[in-house]
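Inspection log for the structure reproduced underneath, given as structure tokens.
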Amino acid sequence: GSSGGGEPGVQGRKSARPHLASANTKEGFAVEYQVHTIGTRAELPACPVFLIDHFQWTCRRRPAAWGRMGYLRDTGLCVELVCEERDPLRVYHNPQDPVCRDSALEAFFAFGDLPGEPVRNDGFYCNFELNANGAMYAKLGRGRKNRRPLTPEEYALCAPRAQLGAQSWSAELTVSEALLASQLGRAPFSPGGQFFCNFYKISESPDIEHYASFSPVDSEKPNFHLPECFARAVLI
């Protein structure tokens with residue numbers, strides 16, 4: 001994978017991951033990300049960097065991508081994703097457009113039914129997918145088939161936006177703590193608590209098709225909707 005441009009503060013990987021099926025169990029999780037608690041969004045640049053550098057399946061391009069995440073008290077997760085990509089494909093403009101057909105950066109989050117429990121592929125997770133226009137496709141629910149789009153009010157809580165530069169582009173969003181609590185029936189975040197996440201760089205457009213992830217995906221075919229392959233995130 002890429003070096004992520006030598007970004008500082010990259011968290012080290014664990015082991016060589018000979019077996020990914022139990023990627024996020026306590027015994028054999030592949031990757032862990034420490035989520036720093038921040039007082040304001042201005043502190044996000046001091047949070048650790050994760051690399052989206054595991055390329056799989058068909059990859060006609062391999063753009064370097066990375067991100068940062070922090071927990072903003074009483075608000076939720078602040079997420080920033082960056083890709084070194086000039087003039088990214090960006091056809092779609094509207095909420096819930098299929099931005100994975102453009103060039104997209106994506107953040108997925110999964111939660112066990114009870115605090116401390118591992119996640120299952122049929123459990124609750126949410127996905128947020130953004131292109132360089134700031135259009136976002138976002139759903140939540142249990143498993144891949146029992147999902148619904150965010151309502152316009154929920155979408156607005158996420159405040160998705162993108163910035164386009166000459167050599168790179170970035171996307172930002174907030175994963176609302178109140179929204180997650182309403183779905184889980186419990187507080188999603190607590191000091192020392194855990195949840196699960198994965199971050200992706202994707203295009204399904206044939207000319208530039210590519211798939212990259214933070215935590216590797218154990219699947220023969222492209223499929224980012226496998227929470228059992230997500231990384232563990234721990235609040236510190």
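Residue numbering restarts at 1 in every chain; chains get A, B, ... in the order shown in the structure tokens, and ligands count up from 1 in that same order.
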
ask   = So which residues touch region 141-156 of chain A within 6 Å, counting only C-alpha atoms, skipping near sequence neighbours fewer than 3 positions away, as a list in words?
value =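 Everything that qualifies: Asn121, Asp122, Gly123, Phe124, Tyr125, Ala138 and Ala159 of chain A.
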
Convert the current residue selection to file output with N, CA and C atoms, as an mmCIF file, in the first residue's frame.
data_model
loop_
_atom_site.group_PDB
_atom_site.id
_atom_site.type_symbol
_atom_site.label_atom_id
_atom_site.label_comp_id
_atom_site.auth_asym_id
_atom_site.auth_seq_id
_atom_site.Cartn_x
_atom_site.Cartn_y
_atom_site.Cartn_z
ATOM 1 N N ASN A 121 -21.887 -9.427 11.429
ATOM 2 C CA ASN A 121 -22.259 -8.856 10.132
ATOM 3 C C ASN A 121 -23.746 -8.533 10.055
ATOM 4 N N ASP A 122 -24.578 -9.173 10.876
ATOM 5 C CA ASP A 122 -26.009 -8.872 10.885
ATOM 6 C C ASP A 122 -26.392 -7.909 12.008
ATOM 7 N N GLY A 123 -25.396 -7.289 12.633
ATOM 8 C CA GLY A 123 -25.660 -6.334 13.698
ATOM 9 C C GLY A 123 -25.793 -4.919 13.170
ATOM 10 N N PHE A 124 -25.880 -3.961 14.108
ATOM 11 C CA PHE A 124 -26.092 -2.565 13.723
ATOM 12 C C PHE A 124 -24.801 -1.930 13.216
ATOM 13 N N TYR A 125 -24.907 -1.276 12.066
ATOM 14 C CA TYR A 125 -23.799 -0.447 11.589
ATOM 15 C C TYR A 125 -24.347 0.675 10.724
ATOM 16 N N ALA A 138 -25.677 7.779 2.829
ATOM 17 C CA ALA A 138 -25.563 7.312 4.211
ATOM 18 C C ALA A 138 -26.792 6.515 4.601
ATOM 19 N N ALA A 159 -23.473 17.016 8.873
ATOM 20 C CA ALA A 159 -22.754 18.164 8.302
ATOM 21 C C ALA A 159 -21.659 17.738 7.327
#

request  = Quick one: everything within 10 Å of region 43-60 of chain A, counting only C-alpha atoms, minus sequence neighbours fewer than 5 positions away in the same chain. Send it as number ranges by chain.
outcome  = A: 1-5, 7-13, 31-38, 65-72, 78-83, 105, 198-204, 206-223

message = Just to confirm, what's the straight-line distance from CA of Leu157 (chain A) to CA of Val99 (chain A) in Å (one decimal)?
response =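 Going from CA of Leu157 (chain A) over to CA of Val99 (chain A), I get 19.3 Å.
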
task = Find the residues around Pro188 (chain A) up to 12 Å (only C-alpha atoms counted), leave out those fewer than 2 positions away in its own chain, and share them as a PyMOL selection string.
result = chain A and resi 71+73-77+109-116+124-125+175-186+190-196+233-235

task = Would you mind telling me which residue in A:Ser103, A:Trp169, A:Thr40, A:Ala162 lies nearest to Arg61 (chain A) when using only C-alpha atoms?
result =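 Counting only C-alpha atoms, the residue closest to Arg61 (chain A) is A:Ser103.
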
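Every residue of region 95-230 of chain A with a DSSP assignment of alpha helix (DSSP H), taken from the backbone, is listed as Pro152, Glu153, Glu154, Tyr155, Ala156, Leu157, Cys158, Glu177, Ala178, Leu179, Leu180, Ala181, Ser182, Gln183 and Leu184 of chain A.
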
Take the residues from that selection and put them in a file with N, CA, C and O atoms, as a PDB file, in the first residue's frame.
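File produced: part-v1.pdb:
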ATOM      1  N   PRO A 152     -33.636  13.580   6.251  1.00  0.00           N
ATOM      2  CA  PRO A 152     -32.988  14.876   6.018  1.00  0.00           C
ATOM      3  C   PRO A 152     -32.462  15.517   7.305  1.00  0.00           C
ATOM      4  O   PRO A 152     -31.394  16.149   7.289  1.00  0.00           O
ATOM      5  N   GLU A 153     -33.176  15.338   8.415  1.00  0.00           N
ATOM      6  CA  GLU A 153     -32.717  15.907   9.682  1.00  0.00           C
ATOM      7  C   GLU A 153     -31.448  15.198  10.168  1.00  0.00           C
ATOM      8  O   GLU A 153     -30.501  15.847  10.642  1.00  0.00           O
ATOM      9  N   GLU A 154     -31.423  13.878  10.059  1.00  0.00           N
ATOM     10  CA  GLU A 154     -30.239  13.125  10.459  1.00  0.00           C
ATOM     11  C   GLU A 154     -29.048  13.458   9.559  1.00  0.00           C
ATOM     12  O   GLU A 154     -27.912  13.578  10.030  1.00  0.00           O
ATOM     13  N   TYR A 155     -29.322  13.593   8.281  1.00  0.00           N
ATOM     14  CA  TYR A 155     -28.278  13.946   7.315  1.00  0.00           C
ATOM     15  C   TYR A 155     -27.652  15.288   7.688  1.00  0.00           C
ATOM     16  O   TYR A 155     -26.421  15.443   7.674  1.00  0.00           O
ATOM     17  N   ALA A 156     -28.494  16.262   8.045  1.00  0.00           N
ATOM     18  CA  ALA A 156     -27.988  17.585   8.403  1.00  0.00           C
ATOM     19  C   ALA A 156     -27.114  17.533   9.644  1.00  0.00           C
ATOM     20  O   ALA A 156     -26.127  18.282   9.757  1.00  0.00           O
ATOM     21  N   LEU A 157     -27.449  16.640  10.603  1.00  0.00           N
ATOM     22  CA  LEU A 157     -26.625  16.494  11.804  1.00  0.00           C
ATOM     23  C   LEU A 157     -25.195  16.087  11.455  1.00  0.00           C
ATOM     24  O   LEU A 157     -24.253  16.421  12.173  1.00  0.00           O
ATOM     25  N   CYS A 158     -25.045  15.357  10.357  1.00  0.00           N
ATOM     26  CA  CYS A 158     -23.719  14.865   9.969  1.00  0.00           C
ATOM     27  C   CYS A 158     -22.852  15.947   9.347  1.00  0.00           C
ATOM     28  O   CYS A 158     -21.630  15.787   9.268  1.00  0.00           O
ATOM     29  N   GLU A 177     -23.694  11.565  18.053  1.00  0.00           N
ATOM     30  CA  GLU A 177     -23.860  10.692  19.213  1.00  0.00           C
ATOM     31  C   GLU A 177     -25.348  10.486  19.517  1.00  0.00           C
ATOM     32  O   GLU A 177     -25.783   9.384  19.862  1.00  0.00           O
ATOM     33  N   ALA A 178     -26.146  11.547  19.390  1.00  0.00           N
ATOM     34  CA  ALA A 178     -27.583  11.432  19.666  1.00  0.00           C
ATOM     35  C   ALA A 178     -28.261  10.484  18.682  1.00  0.00           C
ATOM     36  O   ALA A 178     -29.141   9.689  19.055  1.00  0.00           O
ATOM     37  N   LEU A 179     -27.873  10.547  17.419  1.00  0.00           N
ATOM     38  CA  LEU A 179     -28.448   9.652  16.416  1.00  0.00           C
ATOM     39  C   LEU A 179     -28.115   8.200  16.747  1.00  0.00           C
ATOM     40  O   LEU A 179     -28.990   7.324  16.720  1.00  0.00           O
ATOM     41  N   LEU A 180     -26.859   7.931  17.083  1.00  0.00           N
ATOM     42  CA  LEU A 180     -26.470   6.564  17.421  1.00  0.00           C
ATOM     43  C   LEU A 180     -27.206   6.072  18.657  1.00  0.00           C
ATOM     44  O   LEU A 180     -27.688   4.933  18.707  1.00  0.00           O
ATOM     45  N   ALA A 181     -27.309   6.914  19.674  1.00  0.00           N
ATOM     46  CA  ALA A 181     -27.993   6.522  20.907  1.00  0.00           C
ATOM     47  C   ALA A 181     -29.460   6.186  20.634  1.00  0.00           C
ATOM     48  O   ALA A 181     -30.005   5.233  21.215  1.00  0.00           O
ATOM     49  N   SER A 182     -30.092   6.936  19.737  1.00  0.00           N
ATOM     50  CA  SER A 182     -31.499   6.680  19.430  1.00  0.00           C
ATOM     51  C   SER A 182     -31.686   5.330  18.743  1.00  0.00           C
ATOM     52  O   SER A 182     -32.742   4.700  18.871  1.00  0.00           O
ATOM     53  N   GLN A 183     -30.674   4.875  18.019  1.00  0.00           N
ATOM     54  CA  GLN A 183     -30.753   3.592  17.317  1.00  0.00           C
ATOM     55  C   GLN A 183     -30.337   2.419  18.194  1.00  0.00           C
ATOM     56  O   GLN A 183     -30.880   1.318  18.078  1.00  0.00           O
ATOM     57  N   LEU A 184     -29.366   2.660  19.061  1.00  0.00           N
ATOM     58  CA  LEU A 184     -28.815   1.584  19.889  1.00  0.00           C
ATOM     59  C   LEU A 184     -29.587   1.389  21.186  1.00  0.00           C
ATOM     60  O   LEU A 184     -29.504   0.328  21.803  1.00  0.00           O
TER      61      LEU A 184
END

ask   = So which one's closest to Ser205 (chain A), A:Arg90, A:His225, A:Leu130, A:Ala231? Using only C-alpha atoms, please.
value = A:Arg90

message = Let's see if you can do this: from backbone DSSP, list all strand (DSSP E) residues in region 56-194 of chain A, as a VMD selection string.
response = chain A and resid 65 to 72 76 to 83 104 to 111 124 to 130 136 to 142 146 to 149 161 to 164 169 to 176 194

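When only C-alpha atoms are used to compute distances to Asn131 (chain A), the closest of the residues A:Phe189, A:Tyr92, A:Phe230, A:Phe224 turns out to be A:Tyr92.
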
task = Measuring atom to atom with only C-alpha atoms, identify which of A:Asn94, A:Gln167, A:Thr174, A:Asn127 is nearest to Pro227 (chain A).
result =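 Result for the nearest residue to Pro227 (chain A): A:Asn127.
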
ask   = Using only C-alpha atoms, which residues sit within 6 Å of Glu84 (chain A) once same-chain residues fewer than 4 positions away are excluded, as a count of residues only?
value = 3
